[in-house]
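Here's the structure, in structure tokens; my notes come after.
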Amino acid sequence: QVQLAESGGGLVQSGGSLRLSCAASGRVFRNTAWAWFRQTPGKEREFVASILWPAGRSDYADSVKDRFTLSRDNAKNTVYLQMSSLKPEDTAVYYCGSMAPGTVYSDNYSSTRAYDAWGQGTQVTVSS
């Protein structure tokens with residue numbers, strides 16, 4: 001089983017930037033997809049962005065497209081989410097997920113059910 005640990009959250013002013021990290025340990029598959037989701041109190045976890053490796057394909061929610069960018073450091077088993085031009089509505093707990101082996105990426109990347117490992121989450125707060 002893979003273990004995921006997010007870091008990099010914090011408090012930032014509107015228009016600012018943050019970089020979240022998701023470090024994987026344990027049974028890390030080289031050919032898999034990783035994703036970021038976010039959740040606010042009383043709401044379901046929503047898709048933010050995902051990356052399929054080693055194909056390099058990445059997908060983004062419309063609400064973050066052109067502001068957030070995913071990258072991966074294979075040597076460190078770490079995925080990064082660079083967030084720019086942050087808005088108060090980006091405030092949430094951000095979770096990293098690893099896609100279950102055998103899942104068809106193109107059909108399932110934005111669904112929480114496609115991911116079988118999650119980190120503990122990191123809080124991002126954007127003040128207006």
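Chain labels run A, B, ... following the order of the structure tokens; each chain numbers its residues from 1, and ligands are numbered from 1 in the order shown.
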
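Residues in contact with Lys65 of chain A at 12 Å, where only C-alpha atoms are counted and same-chain residues fewer than 3 positions away are skipped, are listed as Phe47, Val48, Ala49, Ser50, Ser58, Asp59, Tyr60, Ala61, Asp62, Phe68, Thr69, Leu70, Gln82, Met83, Ser84, Ser85 and Leu86 of chain A.
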
Original post:
Any idea what's packed within 7 Å of segment 96-106 of chain A, counting only C-alpha atoms, ignoring anything in its chain fewer than 2 positions away? Could you give it as a ChimeraX atom specification?
Top reply: /A:6,22,32-37,94,108-109,114-119

Could you write out the selected residues, including N, CA and C atoms, as a compact mmCIF listing (two decimals), in the first residue's frame?
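part30.txt was written with the following content:
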```txt
# COMPACT_ATOMS: atom_id res chain seq x y z
N GLU A 6 0.81 15.16 2.39
CA GLU A 6 0.77 16.49 1.80
C GLU A 6 1.45 17.50 2.71
N CYS A 22 3.09 16.53 -2.42
CA CYS A 22 2.52 15.23 -2.03
C CYS A 22 3.63 14.20 -2.20
N THR A 32 1.15 5.30 -12.87
CA THR A 32 -0.10 5.53 -12.18
C THR A 32 -0.48 7.00 -12.34
N ALA A 33 -1.59 7.36 -11.77
CA ALA A 33 -2.05 8.74 -11.79
C ALA A 33 -2.18 9.26 -10.38
N TRP A 34 -1.84 10.49 -10.23
CA TRP A 34 -1.99 11.16 -8.94
C TRP A 34 -2.90 12.36 -9.14
N ALA A 35 -3.58 12.75 -8.10
CA ALA A 35 -4.52 13.85 -8.23
C ALA A 35 -4.59 14.67 -6.96
N TRP A 36 -5.07 15.88 -7.13
CA TRP A 36 -5.40 16.74 -6.00
C TRP A 36 -6.90 17.00 -6.02
N PHE A 37 -7.49 16.86 -4.86
CA PHE A 37 -8.87 17.21 -4.64
C PHE A 37 -8.91 18.22 -3.49
N TYR A 94 -6.82 20.53 1.05
CA TYR A 94 -6.39 19.90 -0.19
C TYR A 94 -5.84 18.52 0.11
N ASN A 108 -12.02 8.24 -15.53
CA ASN A 108 -12.23 8.29 -14.09
C ASN A 108 -11.38 9.30 -13.32
N TYR A 109 -10.56 10.07 -13.98
CA TYR A 109 -9.58 10.88 -13.26
C TYR A 109 -10.21 11.90 -12.31
N ALA A 114 -11.96 6.69 -7.96
CA ALA A 114 -10.85 6.12 -8.72
C ALA A 114 -9.57 6.02 -7.91
N TYR A 115 -9.53 6.60 -6.74
CA TYR A 115 -8.30 6.72 -5.96
C TYR A 115 -8.43 5.88 -4.69
N ASP A 116 -7.41 5.06 -4.43
CA ASP A 116 -7.49 4.15 -3.29
C ASP A 116 -6.51 4.50 -2.18
N ALA A 117 -5.80 5.57 -2.31
CA ALA A 117 -4.90 6.02 -1.24
C ALA A 117 -5.00 7.54 -1.17
N TRP A 118 -5.06 8.04 0.06
CA TRP A 118 -5.20 9.48 0.28
C TRP A 118 -4.25 9.93 1.38
N GLY A 119 -3.84 11.19 1.28
CA GLY A 119 -3.08 11.78 2.36
C GLY A 119 -4.02 12.34 3.41
```

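Of the listed residues A:Arg113, A:Arg30, A:Lys87, A:Arg45, the one whose atoms come nearest to Asn74 of chain A is A:Arg30, with distances taken using only C-alpha atoms.
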
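DSSP on the backbone gives helix (DSSP H, G or I) for these parts of chain A: Asn74, Ala75, Lys76, Pro88, Glu89, Asp90, Tyr105, Ser106, Asp107, Asn108, Thr112, Arg113 and Ala114 of chain A.
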
**OP:** May I have the residues within 12 Å of Lys76 of chain A as a ChimeraX atom specification, using only C-alpha atoms and disregarding those fewer than 2 positions away in the same chain?
**Re:** /A:21-25,28,30,71-74,78-80

Export of prior selection with N, CA and C atoms as a PDB file, in the first residue's frame:
```pdb
ATOM      1  N   SER A  21       2.932  20.026  -1.840  1.00  0.00           N
ATOM      2  CA  SER A  21       3.701  18.830  -2.167  1.00  0.00           C
ATOM      3  C   SER A  21       2.964  17.604  -1.675  1.00  0.00           C
ATOM      4  N   CYS A  22       3.093  16.525  -2.423  1.00  0.00           N
ATOM      5  CA  CYS A  22       2.525  15.231  -2.029  1.00  0.00           C
ATOM      6  C   CYS A  22       3.630  14.196  -2.195  1.00  0.00           C
ATOM      7  N   ALA A  23       4.139  13.718  -1.075  1.00  0.00           N
ATOM      8  CA  ALA A  23       5.220  12.740  -1.094  1.00  0.00           C
ATOM      9  C   ALA A  23       4.667  11.342  -0.865  1.00  0.00           C
ATOM     10  N   ALA A  24       5.070  10.426  -1.721  1.00  0.00           N
ATOM     11  CA  ALA A  24       4.596   9.049  -1.626  1.00  0.00           C
ATOM     12  C   ALA A  24       5.678   8.140  -1.071  1.00  0.00           C
ATOM     13  N   SER A  25       5.257   7.175  -0.278  1.00  0.00           N
ATOM     14  CA  SER A  25       6.175   6.167   0.233  1.00  0.00           C
ATOM     15  C   SER A  25       5.465   4.824   0.235  1.00  0.00           C
ATOM     16  N   VAL A  28       5.016   2.302  -4.203  1.00  0.00           N
ATOM     17  CA  VAL A  28       4.720   3.342  -5.181  1.00  0.00           C
ATOM     18  C   VAL A  28       4.846   2.770  -6.584  1.00  0.00           C
ATOM     19  N   ARG A  30       5.168   3.123 -10.567  1.00  0.00           N
ATOM     20  CA  ARG A  30       5.690   4.117 -11.488  1.00  0.00           C
ATOM     21  C   ARG A  30       4.637   4.537 -12.491  1.00  0.00           C
ATOM     22  N   SER A  71       3.190  19.144 -11.363  1.00  0.00           N
ATOM     23  CA  SER A  71       4.456  18.596 -11.827  1.00  0.00           C
ATOM     24  C   SER A  71       4.816  17.421 -10.930  1.00  0.00           C
ATOM     25  N   ARG A  72       5.773  16.622 -11.383  1.00  0.00           N
ATOM     26  CA  ARG A  72       6.154  15.443 -10.611  1.00  0.00           C
ATOM     27  C   ARG A  72       7.666  15.281 -10.652  1.00  0.00           C
ATOM     28  N   ASP A  73       8.224  14.903  -9.506  1.00  0.00           N
ATOM     29  CA  ASP A  73       9.635  14.561  -9.389  1.00  0.00           C
ATOM     30  C   ASP A  73       9.701  13.064  -9.141  1.00  0.00           C
ATOM     31  N   ASN A  74      10.035  12.318 -10.198  1.00  0.00           N
ATOM     32  CA  ASN A  74      10.016  10.856 -10.101  1.00  0.00           C
ATOM     33  C   ASN A  74      11.029  10.340  -9.089  1.00  0.00           C
ATOM     34  N   THR A  78       7.357  12.481  -5.638  1.00  0.00           N
ATOM     35  CA  THR A  78       6.617  13.636  -5.133  1.00  0.00           C
ATOM     36  C   THR A  78       5.908  14.339  -6.282  1.00  0.00           C
ATOM     37  N   VAL A  79       4.665  14.723  -6.021  1.00  0.00           N
ATOM     38  CA  VAL A  79       3.880  15.507  -6.960  1.00  0.00           C
ATOM     39  C   VAL A  79       3.666  16.889  -6.351  1.00  0.00           C
ATOM     40  N   TYR A  80       3.783  17.898  -7.177  1.00  0.00           N
ATOM     41  CA  TYR A  80       3.623  19.273  -6.716  1.00  0.00           C
ATOM     42  C   TYR A  80       2.418  19.923  -7.381  1.00  0.00           C
TER      43      TYR A  80
END
```

Exercise: Ser7 of chain A partners within 8 Å, only C-alpha atoms, chain neighbours under 2 positions left out, as a tab-separated table (two decimals) with N, CA and C atoms, in the first residue's frame:
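Below is the file around_26.tsv, written as the result:
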```
chain	number	residue	atom	x	y	z
A	5	ALA	N	1.66	11.92	1.84
A	5	ALA	CA	1.76	12.98	2.84
A	5	ALA	C	1.81	14.32	2.13
A	9	GLY	N	0.61	23.77	2.69
A	9	GLY	CA	-0.54	24.63	2.86
A	9	GLY	C	-0.23	25.80	3.80
A	20	LEU	N	1.96	23.21	-3.11
A	20	LEU	CA	1.68	22.02	-2.30
A	20	LEU	C	2.53	20.86	-2.79
A	21	SER	N	2.93	20.03	-1.84
A	21	SER	CA	3.70	18.83	-2.17
A	21	SER	C	2.96	17.60	-1.67
A	22	CYS	N	3.09	16.53	-2.42
A	22	CYS	CA	2.52	15.23	-2.03
A	22	CYS	C	3.63	14.20	-2.20
A	121	GLY	N	-4.31	15.52	4.17
A	121	GLY	CA	-4.81	16.83	3.79
A	121	GLY	C	-3.97	17.96	4.33
A	122	THR	N	-4.00	19.08	3.63
A	122	THR	CA	-3.31	20.29	4.07
A	122	THR	C	-4.23	21.48	3.83
```

Subject >> d(atom CA of Leu18 of chain A, atom CA of Asn77 of chain A) in Å >> reply: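 According to the coordinates, atom CA of Leu18 of chain A and atom CA of Asn77 of chain A are separated by 19.7 Å.
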
Subject >> DSSP-assigned strand (DSSP E or B) among chain A, expressed as a PyMOL selection string >> reply: chain A and resi 2-7+10-13+18-26+32-39+46-53+58-60+68-73+78-83+92-99+115-118+122-127

Subject >> Which of A:Glu46, A:Val2, A:Ser111, A:Gln39 sits closest to Gly26 of chain A [using only C-alpha atoms] >> reply: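 With only C-alpha atoms as the atom set, the closest residue is A:Val2.
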
Subject >> Nearest to Pro88 of chain A by atom-to-atom distance, counting only C-alpha atoms, from A:Val12, A:Ala55, A:Val64, A:Ala75 >> reply: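 Checking each candidate against Pro88 of chain A, we get A:Val12 as the closest.
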
Original post:
Using only C-alpha atoms, which of the listed residues (A:Leu52, A:Gly15, A:Asp66, A:Gln123) sits closest to Phe29 of chain A?
Top reply: A:Leu52
